[in-house]
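Structure data follow from structure.txt (compact mmCIF, C-alpha atoms):
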```txt
# COMPACT_ATOMS: atom_id res chain seq x y z
CA MET A 1 -44.48 62.92 -253.73
CA TRP A 2 -42.86 59.48 -253.27
CA PHE A 3 -41.25 60.64 -250.02
CA GLY A 4 -44.65 61.75 -248.74
CA VAL A 5 -46.20 58.36 -249.53
CA LYS A 6 -43.38 56.62 -247.64
CA VAL A 7 -43.79 58.92 -244.63
CA ILE A 8 -47.57 58.48 -244.49
CA LEU A 9 -47.44 54.69 -244.85
CA SER A 10 -44.73 54.36 -242.20
CA ALA A 11 -46.55 56.72 -239.82
CA LEU A 12 -49.79 54.78 -240.22
CA ILE A 13 -48.08 51.52 -239.33
CA ILE A 14 -46.44 52.99 -236.22
CA ALA A 15 -49.59 54.80 -235.11
CA SER A 16 -51.73 51.71 -235.64
CA THR A 17 -49.51 49.45 -233.59
CA SER A 18 -49.16 51.96 -230.74
CA TRP A 19 -52.96 52.34 -230.68
CA LEU A 20 -53.36 48.56 -230.73
CA ALA A 21 -50.90 48.25 -227.81
CA GLY A 22 -53.56 49.76 -225.54
CA ARG A 23 -56.16 47.23 -226.59
CA LYS A 24 -54.22 44.06 -227.42
CA PRO A 25 -50.58 44.43 -226.32
CA VAL A 26 -49.59 40.87 -227.31
CA LEU A 27 -50.89 41.32 -230.86
CA ALA A 28 -49.31 44.78 -231.13
CA GLY A 29 -45.99 43.36 -229.94
CA PHE A 30 -46.14 40.58 -232.49
CA LEU A 31 -46.98 42.97 -235.32
CA ILE A 32 -44.27 45.45 -234.43
CA ALA A 33 -41.75 42.60 -234.16
CA LEU A 34 -42.41 41.66 -237.77
CA PRO A 35 -39.77 43.10 -240.04
CA VAL A 36 -42.35 45.48 -241.50
CA THR A 37 -40.05 48.50 -241.49
CA SER A 38 -37.26 46.43 -243.01
CA MET A 39 -39.61 45.09 -245.66
CA LEU A 40 -40.84 48.59 -246.49
CA GLY A 41 -37.33 50.03 -246.45
CA ILE A 42 -36.00 47.37 -248.81
CA LEU A 43 -38.99 47.76 -251.12
CA PHE A 44 -38.74 51.57 -251.14
CA ALA A 45 -34.96 51.43 -251.73
CA TYR A 46 -35.35 49.07 -254.66
CA VAL A 47 -38.21 51.03 -256.24
CA GLN A 48 -36.31 54.29 -255.87
CA TYR A 49 -32.80 53.17 -256.92
CA ARG A 50 -33.21 49.83 -258.81
CA ASP A 51 -29.77 48.78 -257.56
CA MET A 52 -29.73 45.19 -256.27
CA ALA A 53 -26.15 45.49 -254.99
CA LYS A 54 -27.20 48.35 -252.70
CA VAL A 55 -30.39 46.53 -251.68
CA ASN A 56 -28.37 43.42 -250.82
CA GLU A 57 -25.90 45.48 -248.78
CA PHE A 58 -28.84 47.15 -247.01
CA ALA A 59 -30.44 43.76 -246.24
CA VAL A 60 -27.20 42.32 -244.84
CA SER A 61 -26.80 45.39 -242.64
CA ILE A 62 -30.34 44.86 -241.33
CA LEU A 63 -29.63 41.17 -240.69
CA ILE A 64 -26.61 42.08 -238.57
CA ALA A 65 -28.40 44.93 -236.81
CA VAL A 66 -31.59 43.11 -235.79
CA PRO A 67 -30.08 40.97 -233.01
CA LEU A 68 -28.04 43.93 -231.77
CA SER A 69 -31.09 46.19 -231.72
CA LEU A 70 -32.75 43.79 -229.29
CA LEU A 71 -30.36 45.14 -226.64
CA PHE A 72 -32.86 47.99 -226.23
CA PHE A 73 -35.32 45.61 -224.58
CA VAL A 74 -32.90 44.12 -222.02
CA PRO A 75 -33.54 46.80 -219.34
CA PHE A 76 -37.31 46.31 -219.73
CA VAL A 77 -36.95 42.57 -219.18
CA LEU A 78 -34.59 43.08 -216.23
CA ASN A 79 -36.84 45.77 -214.75
CA LYS A 80 -38.85 43.01 -213.13
CA TRP A 81 -35.92 42.69 -210.72
CA ILE A 82 -34.06 46.03 -210.82
CA LYS A 83 -37.23 48.16 -210.45
CA LEU A 84 -36.13 51.31 -212.30
CA ASN A 85 -38.63 53.98 -213.27
CA PHE A 86 -39.62 54.33 -216.93
CA PRO A 87 -37.26 57.19 -217.89
CA MET A 88 -34.23 55.40 -216.44
CA THR A 89 -35.22 52.10 -218.05
CA TYR A 90 -35.72 53.82 -221.39
CA ILE A 91 -32.42 55.73 -221.17
CA LEU A 92 -30.58 52.54 -220.28
CA GLY A 93 -32.22 50.84 -223.29
CA VAL A 94 -31.11 53.66 -225.58
CA GLY A 95 -27.58 53.39 -224.14
CA LEU A 96 -27.50 49.66 -224.87
CA LEU A 97 -28.85 50.38 -228.34
CA ALA A 98 -25.96 52.82 -228.88
CA LEU A 99 -23.58 50.05 -227.81
CA GLY A 100 -25.28 47.75 -230.32
CA TYR A 101 -24.77 50.38 -233.05
CA LEU A 102 -21.09 50.64 -232.14
CA ILE A 103 -20.74 46.86 -232.45
CA HIS A 104 -22.65 46.97 -235.76
CA SER A 105 -20.28 49.64 -237.09
CA ILE A 106 -17.24 47.58 -236.15
CA VAL A 107 -18.67 44.42 -237.76
CA GLU A 108 -19.62 46.28 -240.95
CA ARG A 109 -16.12 47.77 -241.35
CA ARG A 110 -14.59 44.35 -241.94
```
Hey, can you dump this file as structure tokens for me?
Amino acid sequence: MWFGVKVILSALIIASTSWLAGRKPVLAGFLIALPVTSMLGILFAYVQYRDMAKVNEFAVSILIAVPLSLLFFVPFVLNKWIKLNFPMTYILGVGLLALGYLIHSIVERR
């Protein structure tokens, strides 16, 4: 039951912002940039496990990952000049995101 509530709430947030992107892209971008998923994830983890040490570790991992996850957007920003089509831009963003994950993994191992 709890898993279903988490899935529905998360899906509603994602669906709402993608719908809003068609009407008010700036507002949708601002809302999706909020750490809503992190806030929900931390809340759900605490409610489910009641383990502050794990929640703290989770939050630190998010803090490290957020700047690295922004690598996904670099090809979209550069696309103004490099003029790639959407699939190539998206694939390049995912590749940079994978690089960010690799860096995150190395930093977290220390």
Might you pull out every residue within 10 Å of A:Val107, with all atoms listed in the file counted and same-chain residues fewer than 4 positions away left off, and present them as a ChimeraX atom specification?
/A:61,64-65,101-103
To one decimal in Å, tell me the separation between atom CA of A:Phe30 and atom CA of A:Phe58.
23.5 Å
Which one is closest to A:Ser38: A:Thr89, A:Ser18, A:Ser10, A:Ser105? Count all atoms listed in the file.
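Looking only at the distances to A:Ser38, the closest residue turns out to be A:Ser10.
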Using all atoms listed in the file, which residue out of A:Lys83, A:Ile106, A:Ile62, A:Ser16 lies closest to A:Met39?
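Checking each candidate against A:Met39, we get A:Ile62 as the closest.
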Please return, as a compact mmCIF listing (two decimals) with C-alpha atoms, in the coordinates of the input, all polymer residues that have at least one atom within 9 Å of the point (-36.4, 51.6, -222.6); use all atoms listed in the file and the file's own coordinate frame.
```
# COMPACT_ATOMS: atom_id res chain seq x y z
CA PHE A 72 -32.86 47.99 -226.23
CA PHE A 73 -35.32 45.61 -224.58
CA VAL A 74 -32.90 44.12 -222.02
CA PRO A 75 -33.54 46.80 -219.34
CA PHE A 76 -37.31 46.31 -219.73
CA PHE A 86 -39.62 54.33 -216.93
CA PRO A 87 -37.26 57.19 -217.89
CA MET A 88 -34.23 55.40 -216.44
CA THR A 89 -35.22 52.10 -218.05
CA TYR A 90 -35.72 53.82 -221.39
CA ILE A 91 -32.42 55.73 -221.17
CA LEU A 92 -30.58 52.54 -220.28
CA GLY A 93 -32.22 50.84 -223.29
CA VAL A 94 -31.11 53.66 -225.58
```
Atomic distance atom CA of A:Val66 - atom CA of A:Asn79, expressed in Å with one decimal
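Atom CA of A:Asn79 lies 21.8 Å from atom CA of A:Val66.
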